[in-house]
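Data block for start37.txt (compact mmCIF, C-alpha atoms and all ligand atoms):
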```txt
# COMPACT_ATOMS: atom_id res chain seq x y z
CA MET L 101 67.81 -46.21 -7.10
CA SER L 102 66.18 -44.43 -4.21
CA ASP L 103 62.40 -44.16 -3.99
CA ILE L 104 62.76 -40.47 -4.89
CA HIS L 105 63.21 -41.59 -8.47
CA SER L 106 60.62 -44.36 -8.59
CA SER L 107 57.32 -43.57 -10.20
CA SER L 108 55.29 -45.35 -7.54
CA THR L 109 54.95 -45.38 -3.76
CA GLU L 110 54.07 -48.27 -1.46
CA ASN L 111 50.47 -47.17 -1.12
CA SER L 112 50.16 -46.58 -4.87
CA PRO L 113 51.60 -49.52 -6.75
CA GLU L 114 50.60 -48.12 -10.15
CA GLY L 115 53.08 -46.19 -12.28
CA PHE L 116 53.00 -42.45 -12.95
CA GLU L 117 51.52 -42.90 -16.44
CA THR L 118 48.71 -45.16 -15.19
CA ARG L 119 47.85 -42.76 -12.38
CA ALA L 120 47.83 -39.79 -14.79
CA ILE L 121 45.25 -41.58 -16.90
CA HIS L 122 43.08 -43.30 -14.28
CA ARG L 123 43.14 -41.14 -11.12
CA GLY L 124 40.64 -38.34 -10.74
CA ALA L 125 38.06 -39.83 -13.07
CA GLU L 126 34.98 -39.57 -10.84
CA TYR L 127 31.56 -38.04 -11.52
CA ARG L 128 30.80 -39.98 -14.71
CA GLU L 129 29.02 -43.13 -13.54
CA SER L 130 25.42 -42.05 -14.20
CA THR L 131 25.97 -41.47 -17.93
CA GLY L 132 28.79 -43.91 -18.68
CA SER L 133 30.92 -41.15 -20.20
CA VAL L 134 34.52 -42.38 -20.43
CA ILE L 135 35.89 -38.91 -19.72
CA PRO L 136 34.21 -36.89 -16.97
CA PRO L 137 32.49 -33.81 -18.42
CA ALA L 138 33.31 -30.20 -17.52
CA TYR L 139 30.90 -29.13 -14.79
CA LEU L 140 30.25 -25.57 -15.95
CA THR L 141 28.02 -24.55 -13.08
CA SER L 142 28.33 -21.87 -10.42
CA THR L 143 26.08 -23.61 -7.91
CA PHE L 144 24.65 -27.01 -6.89
CA ALA L 145 21.26 -28.09 -5.52
CA TYR L 146 21.30 -28.09 -1.72
CA GLY L 147 21.75 -31.51 -0.10
CA ASN L 148 23.35 -33.35 -3.08
CA GLU L 149 25.10 -36.63 -2.21
CA HIS L 150 28.65 -35.32 -2.99
CA GLY L 151 28.42 -32.28 -0.73
CA PHE L 152 28.92 -29.65 -3.46
CA ASP L 153 27.37 -26.24 -2.76
CA TYR L 154 28.99 -23.40 -4.73
CA THR L 155 31.88 -23.68 -7.22
CA ARG L 156 34.15 -21.29 -5.29
CA SER L 157 34.28 -23.93 -2.55
CA GLY L 158 34.49 -26.99 -4.78
CA ASN L 159 33.52 -28.49 -8.12
CA PRO L 160 33.81 -32.03 -9.56
CA ASN L 161 36.53 -30.83 -11.98
CA PHE L 162 38.60 -29.40 -9.10
CA ARG L 163 38.26 -32.64 -7.15
CA ASN L 164 39.23 -34.81 -10.12
CA LEU L 165 42.32 -32.73 -10.88
CA GLN L 166 43.27 -32.55 -7.19
CA GLU L 167 43.07 -36.33 -6.85
CA MET L 168 45.19 -36.86 -9.96
CA LEU L 169 47.83 -34.25 -9.10
CA ALA L 170 48.15 -35.44 -5.49
CA SER L 171 48.78 -38.91 -6.85
CA LEU L 172 51.42 -37.65 -9.33
CA GLU L 173 53.30 -35.84 -6.51
CA ASN L 174 53.03 -38.96 -4.29
CA ALA L 175 51.13 -36.67 -1.92
CA ALA L 176 48.15 -37.22 0.34
CA HIS L 177 46.53 -33.91 -0.64
CA ALA L 178 46.47 -31.30 -3.39
CA THR L 179 44.51 -28.08 -3.87
CA VAL L 180 44.08 -26.42 -7.26
CA PHE L 181 44.10 -22.67 -7.91
CA ALA L 182 43.54 -20.26 -10.79
CA SER L 183 47.27 -19.90 -11.59
CA GLY L 184 50.73 -20.47 -10.17
CA VAL L 185 50.74 -16.96 -8.70
CA THR L 186 47.38 -17.72 -7.07
CA ALA L 187 48.87 -20.85 -5.48
CA ILE L 188 51.77 -18.73 -4.17
CA THR L 189 49.26 -16.20 -2.80
CA ALA L 190 47.40 -19.02 -1.02
CA VAL L 191 50.56 -20.23 0.74
CA VAL L 192 51.82 -16.75 1.70
CA SER L 193 48.33 -15.77 2.95
CA THR L 194 48.77 -18.26 5.80
CA LEU L 195 51.53 -16.07 7.29
CA LYS L 196 50.98 -13.27 9.79
CA SER L 197 52.55 -9.89 10.43
CA GLY L 198 56.07 -10.31 11.84
CA ASP L 199 56.70 -13.62 10.10
CA VAL L 200 59.98 -14.04 8.23
CA VAL L 201 60.57 -15.93 4.99
CA VAL L 202 64.03 -17.02 3.85
CA ALA L 203 64.08 -17.37 0.07
CA GLU L 204 66.52 -18.42 -2.62
CA GLU L 205 67.71 -15.16 -4.23
CA ASN L 206 67.00 -16.33 -7.78
CA ILE L 207 63.26 -17.08 -7.25
CA TYR L 208 60.64 -16.45 -9.92
CA GLY L 209 60.16 -12.71 -10.56
CA CYS L 210 56.42 -12.67 -9.83
CA THR L 211 57.00 -14.39 -6.47
CA TYR L 212 59.54 -11.67 -5.65
CA ARG L 213 57.08 -8.95 -6.73
CA LEU L 214 54.29 -10.48 -4.64
CA PHE L 215 56.50 -10.45 -1.54
CA ALA L 216 57.95 -6.97 -2.20
CA GLN L 217 54.84 -5.10 -3.33
CA VAL L 218 52.03 -6.89 -1.48
CA PHE L 219 52.95 -9.06 1.50
CA GLU L 220 55.73 -6.86 2.89
CA LYS L 221 52.99 -4.21 3.39
CA PHE L 222 51.29 -6.68 5.73
CA GLY L 223 54.44 -7.15 7.80
CA VAL L 224 55.90 -10.29 6.22
CA SER L 225 59.63 -9.82 5.64
CA VAL L 226 61.81 -11.80 3.28
CA GLN L 227 65.55 -12.48 3.44
CA TYR L 228 67.14 -13.52 0.16
CA THR L 229 70.30 -15.55 -0.13
CA ASP L 230 72.14 -17.87 -2.48
CA LEU L 231 70.98 -21.27 -1.24
CA THR L 232 73.30 -23.19 -3.58
CA ASN L 233 76.02 -22.26 -1.08
CA PRO L 234 75.77 -24.27 2.20
CA GLU L 235 77.61 -21.46 4.01
CA ASN L 236 74.41 -19.45 3.67
CA TYR L 237 72.29 -22.13 5.40
CA SER L 238 73.10 -20.37 8.70
CA ILE L 239 70.71 -17.58 7.66
CA ILE L 240 67.90 -20.10 8.18
CA GLU L 241 69.16 -20.94 11.68
CA ASN L 242 69.48 -17.25 12.60
CA ALA L 243 66.35 -15.73 11.04
CA HIS L 244 63.81 -18.09 12.70
CA PRO L 245 61.71 -18.08 9.53
CA ALA L 246 58.16 -19.37 9.31
CA LEU L 247 58.81 -20.49 5.73
CA VAL L 248 61.81 -21.34 3.60
CA TRP L 249 60.98 -20.65 -0.04
CA LEU L 250 62.88 -22.79 -2.54
CA GLU L 251 62.81 -23.14 -6.27
CA SER L 252 64.85 -25.72 -8.18
CA PRO L 253 65.82 -25.41 -10.98
CA THR L 254 65.55 -21.61 -10.77
CA ASN L 255 64.55 -19.16 -13.49
CA PRO L 256 66.43 -18.29 -15.68
CA LEU L 257 69.83 -19.48 -14.39
CA LEU L 258 68.72 -23.07 -13.60
CA LYS L 259 70.48 -23.15 -10.23
CA ILE L 260 69.83 -26.36 -8.30
CA VAL L 261 69.33 -26.16 -4.51
CA ASP L 262 69.62 -29.19 -2.24
CA ILE L 263 65.99 -29.71 -1.19
CA GLN L 264 66.79 -32.57 1.19
CA ALA L 265 69.62 -30.78 3.04
CA LEU L 266 67.69 -27.51 3.21
CA SER L 267 64.57 -29.26 4.52
CA GLU L 268 66.62 -30.77 7.35
CA VAL L 269 68.11 -27.38 8.26
CA ALA L 270 64.70 -25.66 8.03
CA HIS L 271 62.91 -28.26 10.15
CA LYS L 272 65.58 -28.02 12.86
CA ALA L 273 64.94 -24.25 12.90
CA GLY L 274 61.16 -24.83 13.18
CA ALA L 275 60.42 -23.63 9.63
CA GLN L 276 58.25 -25.17 6.93
CA VAL L 277 59.61 -25.68 3.41
CA VAL L 278 57.89 -24.76 0.15
CA VAL L 279 59.37 -25.85 -3.18
CA ASP L 280 58.26 -24.24 -6.43
CA ASN L 281 58.48 -27.37 -8.60
CA THR L 282 57.35 -25.76 -11.87
CA PHE L 283 60.61 -26.11 -13.84
CA ALA L 284 61.25 -29.74 -12.89
CA SER L 285 57.58 -30.89 -12.95
CA SER L 286 56.18 -33.65 -10.76
CA TYR L 287 57.42 -36.13 -13.34
CA PHE L 288 61.10 -35.39 -12.72
CA GLN L 289 61.15 -34.20 -9.10
CA LYS L 290 59.23 -35.12 -5.95
CA PRO L 291 59.83 -32.37 -3.35
CA LEU L 292 57.76 -34.08 -0.63
CA ALA L 293 59.85 -37.24 -0.86
CA LEU L 294 62.93 -35.03 -0.40
CA GLY L 295 61.50 -33.62 2.83
CA ALA L 296 59.64 -30.46 1.75
CA ASP L 297 56.30 -29.67 3.38
CA LEU L 298 54.68 -28.18 0.29
CA SER L 299 55.23 -28.74 -3.42
CA LEU L 300 53.85 -25.88 -5.48
CA THR L 301 53.50 -25.93 -9.26
CA SER L 302 52.28 -23.56 -11.95
CA THR L 303 50.21 -26.13 -13.86
CA THR L 304 50.10 -23.57 -16.70
CA LYS L 305 53.49 -24.96 -17.73
CA TYR L 306 54.44 -28.65 -18.02
CA THR L 307 51.38 -30.11 -16.23
CA ASN L 308 48.91 -28.76 -18.76
CA GLY L 309 51.59 -28.60 -21.42
CA HIS L 310 49.51 -27.08 -24.21
CA SER L 311 49.75 -23.32 -23.47
CA ASP L 312 45.97 -22.91 -23.52
CA CYS L 313 45.07 -22.05 -19.92
CA LEU L 314 46.48 -21.12 -16.50
CA GLY L 315 46.47 -23.08 -13.26
CA GLY L 316 48.32 -23.78 -10.03
CA VAL L 317 48.48 -26.50 -7.39
CA VAL L 318 49.83 -26.98 -3.86
CA ALA L 319 50.46 -30.58 -2.74
CA SER L 320 51.26 -31.79 0.78
CA ASN L 321 51.07 -34.75 3.14
CA ASP L 322 49.79 -32.63 6.00
CA ALA L 323 46.03 -32.42 6.68
CA GLU L 324 46.48 -29.07 8.44
CA TRP L 325 48.13 -27.53 5.36
CA GLN L 326 45.39 -29.03 3.21
CA ASP L 327 42.70 -27.35 5.35
CA LYS L 328 44.53 -24.02 5.00
CA MET L 329 44.75 -24.39 1.22
CA ILE L 330 41.07 -25.32 0.81
CA PHE L 331 40.24 -22.34 3.05
CA ALA L 332 42.37 -20.04 0.82
CA GLN L 333 40.73 -21.46 -2.30
CA LYS L 334 37.25 -20.47 -1.15
CA ALA L 335 37.75 -17.63 1.36
CA LEU L 336 40.22 -15.63 -0.77
CA GLY L 337 38.46 -16.50 -4.02
CA LEU L 338 41.56 -18.17 -5.52
CA GLN L 339 39.61 -20.99 -7.19
CA PRO L 340 40.24 -21.98 -10.83
CA ALA L 341 37.61 -22.23 -13.56
CA PRO L 342 36.08 -25.72 -13.96
CA PHE L 343 36.85 -25.75 -17.69
CA ASP L 344 40.53 -24.89 -17.05
CA CYS L 345 40.69 -27.82 -14.61
CA TRP L 346 39.18 -30.03 -17.28
CA LEU L 347 41.85 -28.87 -19.77
CA ILE L 348 44.69 -29.40 -17.28
CA THR L 349 43.33 -32.87 -16.42
CA ARG L 350 43.43 -33.69 -20.12
CA GLY L 351 46.90 -32.22 -20.59
CA ALA L 352 48.38 -34.02 -17.59
CA LYS L 353 47.39 -37.44 -18.94
CA THR L 354 50.29 -37.20 -21.42
CA MET L 355 52.78 -35.51 -19.08
CA ALA L 356 55.11 -38.54 -18.91
CA LEU L 357 55.39 -38.83 -22.69
CA ARG L 358 55.87 -35.11 -23.14
CA MET L 359 58.47 -34.78 -20.39
CA GLU L 360 60.55 -37.63 -21.83
CA GLN L 361 60.57 -35.88 -25.22
CA HIS L 362 61.23 -32.41 -23.74
CA GLN L 363 64.29 -33.69 -21.92
CA LYS L 364 65.57 -35.73 -24.86
CA ASN L 365 65.31 -32.71 -27.18
CA ALA L 366 66.74 -30.34 -24.55
CA LEU L 367 69.78 -32.51 -23.87
CA GLU L 368 70.52 -32.82 -27.58
CA LEU L 369 70.13 -29.08 -28.17
CA ALA L 370 72.26 -28.33 -25.07
CA HIS L 371 75.11 -30.51 -26.42
CA PHE L 372 74.83 -28.83 -29.81
CA LEU L 373 74.93 -25.35 -28.28
CA GLU L 374 77.83 -26.20 -25.98
CA ALA L 375 79.96 -27.05 -29.05
CA HIS L 376 78.98 -23.90 -31.00
CA SER L 377 81.60 -21.17 -31.47
CA LYS L 378 79.11 -18.33 -30.83
CA VAL L 379 78.18 -19.73 -27.43
CA ASP L 380 79.90 -18.52 -24.25
CA TRP L 381 78.28 -21.00 -21.86
CA VAL L 382 75.24 -23.32 -21.61
CA ARG L 383 73.32 -24.22 -18.46
CA TYR L 384 71.27 -27.39 -18.39
CA PRO L 385 70.91 -29.45 -15.19
CA PHE L 386 71.94 -32.71 -16.87
CA LEU L 387 75.03 -31.33 -18.63
CA GLU L 388 78.23 -32.30 -16.82
CA SER L 389 79.32 -28.65 -17.00
CA HIS L 390 76.42 -27.59 -14.74
CA PRO L 391 77.81 -26.34 -11.38
CA GLN L 392 75.37 -28.57 -9.46
CA TYR L 393 75.40 -31.50 -11.89
CA GLU L 394 75.89 -34.16 -9.16
CA LEU L 395 73.06 -32.75 -7.07
CA ALA L 396 70.77 -32.52 -10.11
CA GLN L 397 71.42 -36.19 -10.86
CA ARG L 398 70.60 -37.14 -7.28
CA GLN L 399 67.53 -34.96 -6.88
CA MET L 400 65.87 -35.11 -10.29
CA SER L 401 65.12 -38.11 -12.47
CA GLY L 402 65.49 -36.01 -15.64
CA GLY L 403 66.84 -32.64 -16.72
CA SER L 404 63.49 -31.22 -17.94
CA GLY L 405 63.20 -28.97 -21.00
CA ILE L 406 64.70 -25.57 -20.22
CA ILE L 407 68.16 -24.48 -21.37
CA THR L 408 69.80 -21.14 -20.62
CA VAL L 409 72.57 -19.90 -22.90
CA ASN L 410 74.94 -16.97 -22.83
CA PHE L 411 76.03 -16.12 -26.37
CA ASN L 412 79.20 -14.37 -27.51
CA LEU L 413 76.97 -11.76 -29.14
CA SER L 414 76.16 -8.09 -28.71
CA LEU L 415 72.65 -7.00 -27.72
CA GLU L 416 71.88 -6.19 -31.38
CA ASP L 417 73.16 -9.54 -32.62
CA THR L 418 71.24 -11.38 -29.89
CA ARG L 419 68.05 -9.60 -30.99
CA ALA L 420 68.77 -10.42 -34.64
CA PHE L 421 69.24 -14.09 -33.70
CA LEU L 422 65.88 -14.12 -31.92
CA ASP L 423 64.18 -12.52 -34.95
CA ARG L 424 65.58 -15.09 -37.39
CA LEU L 425 64.27 -18.13 -35.48
CA GLN L 426 61.37 -19.87 -37.13
CA TYR L 427 60.21 -22.48 -34.61
CA PHE L 428 61.07 -20.71 -31.34
CA THR L 429 58.45 -18.04 -30.69
CA LEU L 430 59.76 -15.11 -28.69
CA ALA L 431 57.41 -15.24 -25.71
CA GLU L 432 57.23 -15.48 -21.95
CA SER L 433 56.14 -18.76 -20.35
CA LEU L 434 57.49 -22.26 -20.89
CA GLY L 435 56.64 -25.92 -20.67
CA GLY L 436 54.32 -26.22 -23.67
CA ILE L 437 54.61 -28.65 -26.57
CA GLU L 438 55.87 -25.79 -28.77
CA SER L 439 59.34 -24.30 -28.47
CA LEU L 440 59.58 -20.80 -27.02
CA ILE L 441 62.50 -18.49 -26.43
CA CYS L 442 62.82 -15.69 -23.90
CA HIS L 443 65.28 -12.82 -23.68
CA PRO L 444 65.28 -11.87 -19.97
CA ALA L 445 67.20 -8.58 -20.45
CA SER L 446 64.46 -7.11 -22.65
CA MET L 447 61.48 -9.11 -21.32
CA THR L 448 61.15 -10.52 -17.78
CA HIS L 449 63.99 -8.44 -16.31
CA ALA L 450 63.68 -5.27 -18.47
CA SER L 451 62.71 -3.12 -15.49
CA VAL L 452 65.85 -4.14 -13.56
CA PRO L 453 68.80 -1.71 -14.07
CA LYS L 454 71.54 -3.17 -16.29
CA GLU L 455 74.23 -3.26 -13.52
CA VAL L 456 71.85 -5.01 -11.10
CA ARG L 457 70.75 -7.44 -13.79
CA GLU L 458 74.32 -8.27 -14.76
CA GLY L 459 75.25 -8.62 -11.11
CA VAL L 460 72.93 -11.63 -10.88
CA GLY L 461 74.15 -13.03 -14.21
CA ILE L 462 71.45 -11.76 -16.58
CA THR L 463 73.47 -10.26 -19.41
CA ASP L 464 72.24 -8.79 -22.72
CA SER L 465 73.24 -11.98 -24.54
CA LEU L 466 71.48 -14.40 -22.15
CA VAL L 467 68.65 -16.38 -23.69
CA ARG L 468 66.32 -19.02 -22.22
CA PHE L 469 65.03 -21.81 -24.44
CA SER L 470 61.86 -23.73 -23.57
CA VAL L 471 62.50 -26.72 -25.79
CA GLY L 472 59.30 -28.18 -27.23
CA ILE L 473 58.59 -31.64 -28.55
CA GLU L 474 59.05 -30.89 -32.24
CA THR L 475 61.49 -32.96 -34.36
CA ILE L 476 64.89 -32.20 -32.85
CA ALA L 477 66.68 -31.98 -36.23
CA ASP L 478 64.33 -29.13 -37.18
CA LEU L 479 65.04 -27.27 -33.95
CA ILE L 480 68.81 -27.64 -34.37
CA SER L 481 68.77 -26.51 -38.00
CA ASP L 482 66.62 -23.53 -36.99
CA VAL L 483 69.14 -22.45 -34.34
CA THR L 484 72.00 -23.08 -36.80
CA GLN L 485 70.57 -20.82 -39.50
CA ALA L 486 69.63 -18.12 -37.01
CA LEU L 487 73.22 -18.03 -35.69
CA GLU L 488 74.81 -17.74 -39.14
C1 LIG L 501 55.05 -19.35 -14.40
C2 LIG L 501 55.62 -19.58 -13.07
C3 LIG L 501 54.90 -19.24 -11.92
C4 LIG L 501 53.58 -18.53 -11.98
O1 LIG L 501 52.59 -19.28 -12.58
P1 LIG L 501 51.35 -18.63 -13.38
O2 LIG L 501 50.55 -19.82 -13.71
O3 LIG L 501 51.91 -17.89 -14.56
O4 LIG L 501 50.66 -17.68 -12.44
C5 LIG L 501 55.46 -19.52 -10.68
N1 LIG L 501 56.68 -20.08 -10.58
C6 LIG L 501 57.40 -20.43 -11.66
C7 LIG L 501 58.74 -21.05 -11.48
C8 LIG L 501 56.90 -20.19 -12.95
O5 LIG L 501 57.63 -20.52 -14.02
```

Can you present the structure in this file as structure tokens?
Amino acid sequence: MSDIHSSSTENSPEGFETRAIHRGAEYRESTGSVIPPAYLTSTFAYGNEHGFDYTRSGNPNFRNLQEMLASLENAAHATVFASGVTAITAVVSTLKSGDVVVAEENIYGCTYRLFAQVFEKFGVSVQYTDLTNPENYSIIENAHPALVWLESPTNPLLKIVDIQALSEVAHKAGAQVVVDNTFASSYFQKPLALGADLSLTSTTKYTNGHSDCLGGVVASNDAEWQDKMIFAQKALGLQPAPFDCWLITRGAKTMALRMEQHQKNALELAHFLEAHSKVDWVRYPFLESHPQYELAQRQMSGGSGIITVNFNLSLEDTRAFLDRLQYFTLAESLGGIESLICHPASMTHASVPKEVREGVGITDSLVRFSVGIETIADLISDVTQALE
């Protein structure tokens, strides 16, 4: 197996699980506390030995989480932010008027909105294309972009883009590559090892895993990018709350265990759904029927916990199915221990006209499952009864 799939690097011989538990555990020596406390303070006495001054520009809980998350991404650096969208804002804020971004056309809706309604006003333009098709790579060569914005798997269609191939094309064109790694998680995918310059994650999702706070992180191996991210954290006021960092640090300690269970449950539910008569098609990166199955196997060490399904149901019947579910709460978000279900046509993509929505594959009977870590037999019997 290539080192992309190994859970350790040469300079960090410990495994992912060990690093999740033991990295980023500073600021506890004077009391002997086993777990570092939450430093709920806005300011610090001038001249302290750690160099803290004001929480917007740094806090022990930020530093602990940054050290742990950098280690889990096999990265030299990481900067934490208040949310995933805040992390995206930090990266895009480094651009200047006239800069071009080439982005995968199926990127996260809030990233699209941020580009369209905020940064385009400041002269940043974005060209969208289907980056699962290598014929479209030429757009990167022709547009001279500052950034290439990737997401893999994408939301909600779980398209897989070739991070390694696209990084090579982007670097030849003088562009930097950002990968939104939220759906795969740092446990199953290491964008920096595949050649990306930045790996960005909404830690709200799998990293924290308990649906009780928001957070974001940008990891890189480049000291210049790290300086820009720390600058954005303090100068744009994008910093997280210390207590949220404390929660995410706690959540991330069990990420490996949770991710293994998410993918086990998801694969089983995906097989069940694929065989069901009321199902039109199922997308899951580690199902052989996935259009980029080979690539997913090469690029990810696991399929993660999201499944997208198109049912053979009308809009009314799809809604009735959603209402009858007991364990899958109808809600936005994903990546928590509890199962959630999302209906893009009436939720995340409700404002998009039906023809446009259907043009990109989001039909009235399309449903996205975020498979939790409950007992799989219970989840399958819940879906069975709701489909009857
Ligand atoms: C949720 C999500 C975000 C945004 O993160 P927040 O923490 O909600 O701000 C960005 N990208 C992807 C792929 C997401 O799923």

- Write out as a list in words each polymer residue (protein, DNA or RNA) that has an atom no more than 8 Å from ligand LIG 501 (chain L), with only C-alpha atoms and all ligand atoms counted.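 Protein and nucleic-acid residues within 8 Å of ligand LIG 501 (chain L): Ala182, Ser183, Gly184, Val185, Thr186, Ala187, Ile188, Ile207, Tyr208, Cys210, Thr211, Glu251, Thr254, Asn255, Asp280, Asn281, Thr282, Phe283, Thr301, Ser302, Thr303, Thr304, Lys305, Leu314, Gly315, Gly316, Ser433 and Leu434 of chain L.
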
Suppose we keep C-alpha atoms; can you now write the selection as a compact mmCIF listing (two decimals), in the coordinates of the input?
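Listing of again.txt after writing:
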```txt
# COMPACT_ATOMS: atom_id res chain seq x y z
CA ALA L 182 43.54 -20.26 -10.79
CA SER L 183 47.27 -19.90 -11.59
CA GLY L 184 50.73 -20.47 -10.17
CA VAL L 185 50.74 -16.96 -8.70
CA THR L 186 47.38 -17.72 -7.07
CA ALA L 187 48.87 -20.85 -5.48
CA ILE L 188 51.77 -18.73 -4.17
CA ILE L 207 63.26 -17.08 -7.25
CA TYR L 208 60.64 -16.45 -9.92
CA CYS L 210 56.42 -12.67 -9.83
CA THR L 211 57.00 -14.39 -6.47
CA GLU L 251 62.81 -23.14 -6.27
CA THR L 254 65.55 -21.61 -10.77
CA ASN L 255 64.55 -19.16 -13.49
CA ASP L 280 58.26 -24.24 -6.43
CA ASN L 281 58.48 -27.37 -8.60
CA THR L 282 57.35 -25.76 -11.87
CA PHE L 283 60.61 -26.11 -13.84
CA THR L 301 53.50 -25.93 -9.26
CA SER L 302 52.28 -23.56 -11.95
CA THR L 303 50.21 -26.13 -13.86
CA THR L 304 50.10 -23.57 -16.70
CA LYS L 305 53.49 -24.96 -17.73
CA LEU L 314 46.48 -21.12 -16.50
CA GLY L 315 46.47 -23.08 -13.26
CA GLY L 316 48.32 -23.78 -10.03
CA SER L 433 56.14 -18.76 -20.35
CA LEU L 434 57.49 -22.26 -20.89
```

- Message: Taking only C-alpha atoms into account, name the residue in L:Glu114, L:Asp262, L:Asp199, L:Glu324 that is nearest to L:Glu220.
- Response: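 That would be L:Asp199, the residue with the smallest distance to L:Glu220.
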
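Going from atom CA of L:Lys334 to atom CA of L:Gly158 covers 8.0 Å.
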
- Note on the structure: Here atom CA of L:Val279 and atom CA of L:Asn410 stand apart by 26.6 Å

Within-9 Å shell of (52.1, -12.0, 6.2) in input frame, all atoms listed in the file, as a PDB file with C-alpha atoms, keeping the file's coordinate frame:
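Saved the output as part35.pdb:
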```pdb
ATOM      1  CA  VAL L 192      51.820 -16.750   1.700  1.00  0.00           C
ATOM      2  CA  SER L 193      48.330 -15.770   2.950  1.00  0.00           C
ATOM      3  CA  THR L 194      48.770 -18.260   5.800  1.00  0.00           C
ATOM      4  CA  LEU L 195      51.530 -16.070   7.290  1.00  0.00           C
ATOM      5  CA  LYS L 196      50.980 -13.270   9.790  1.00  0.00           C
ATOM      6  CA  SER L 197      52.550  -9.890  10.430  1.00  0.00           C
ATOM      7  CA  GLY L 198      56.070 -10.310  11.840  1.00  0.00           C
ATOM      8  CA  ASP L 199      56.700 -13.620  10.100  1.00  0.00           C
ATOM      9  CA  VAL L 200      59.980 -14.040   8.230  1.00  0.00           C
ATOM     10  CA  PHE L 219      52.950  -9.060   1.500  1.00  0.00           C
ATOM     11  CA  GLU L 220      55.730  -6.860   2.890  1.00  0.00           C
ATOM     12  CA  LYS L 221      52.990  -4.210   3.390  1.00  0.00           C
ATOM     13  CA  PHE L 222      51.290  -6.680   5.730  1.00  0.00           C
ATOM     14  CA  GLY L 223      54.440  -7.150   7.800  1.00  0.00           C
ATOM     15  CA  VAL L 224      55.900 -10.290   6.220  1.00  0.00           C
ATOM     16  CA  SER L 225      59.630  -9.820   5.640  1.00  0.00           C
TER      17      SER L 225
END
```

- Task: Calculate how many Å separate atom CA of L:Glu432 from atom CA of L:Pro444, rounding to one decimal.
- Result: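 Computing the Euclidean distance for atom CA of L:Glu432 and atom CA of L:Pro444 yields 9.0 Å.
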
- Message: Please determine, counting only C-alpha atoms, which residue among L:Gln361, L:His376, L:Ser465, L:Lys290 has the shortest atom-to-atom distance to L:Ser401.
- Response: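 Of the candidates, the smallest distance to L:Ser401 is held by L:Lys290.
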
- Query: If you count all atoms listed in the file, which residues fall within 12 Å of L:Ala243, apart from same-chain ones fewer than 3 positions away, as a ChimeraX atom specification?
  - Reply: /L:198-203,225-229,236-240,246-248,270,273-275

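Distance annotation: of L:Gln363, L:Ser311, L:Gln399, L:Gln392, the residue with the minimal separation from L:Pro291 is L:Gln399; atom set is only C-alpha atoms.
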
- L:Asn159 proximity check over L:Ala319, L:Cys345, L:Val460, L:Val379, using only C-alpha atoms: winner is L:Cys345
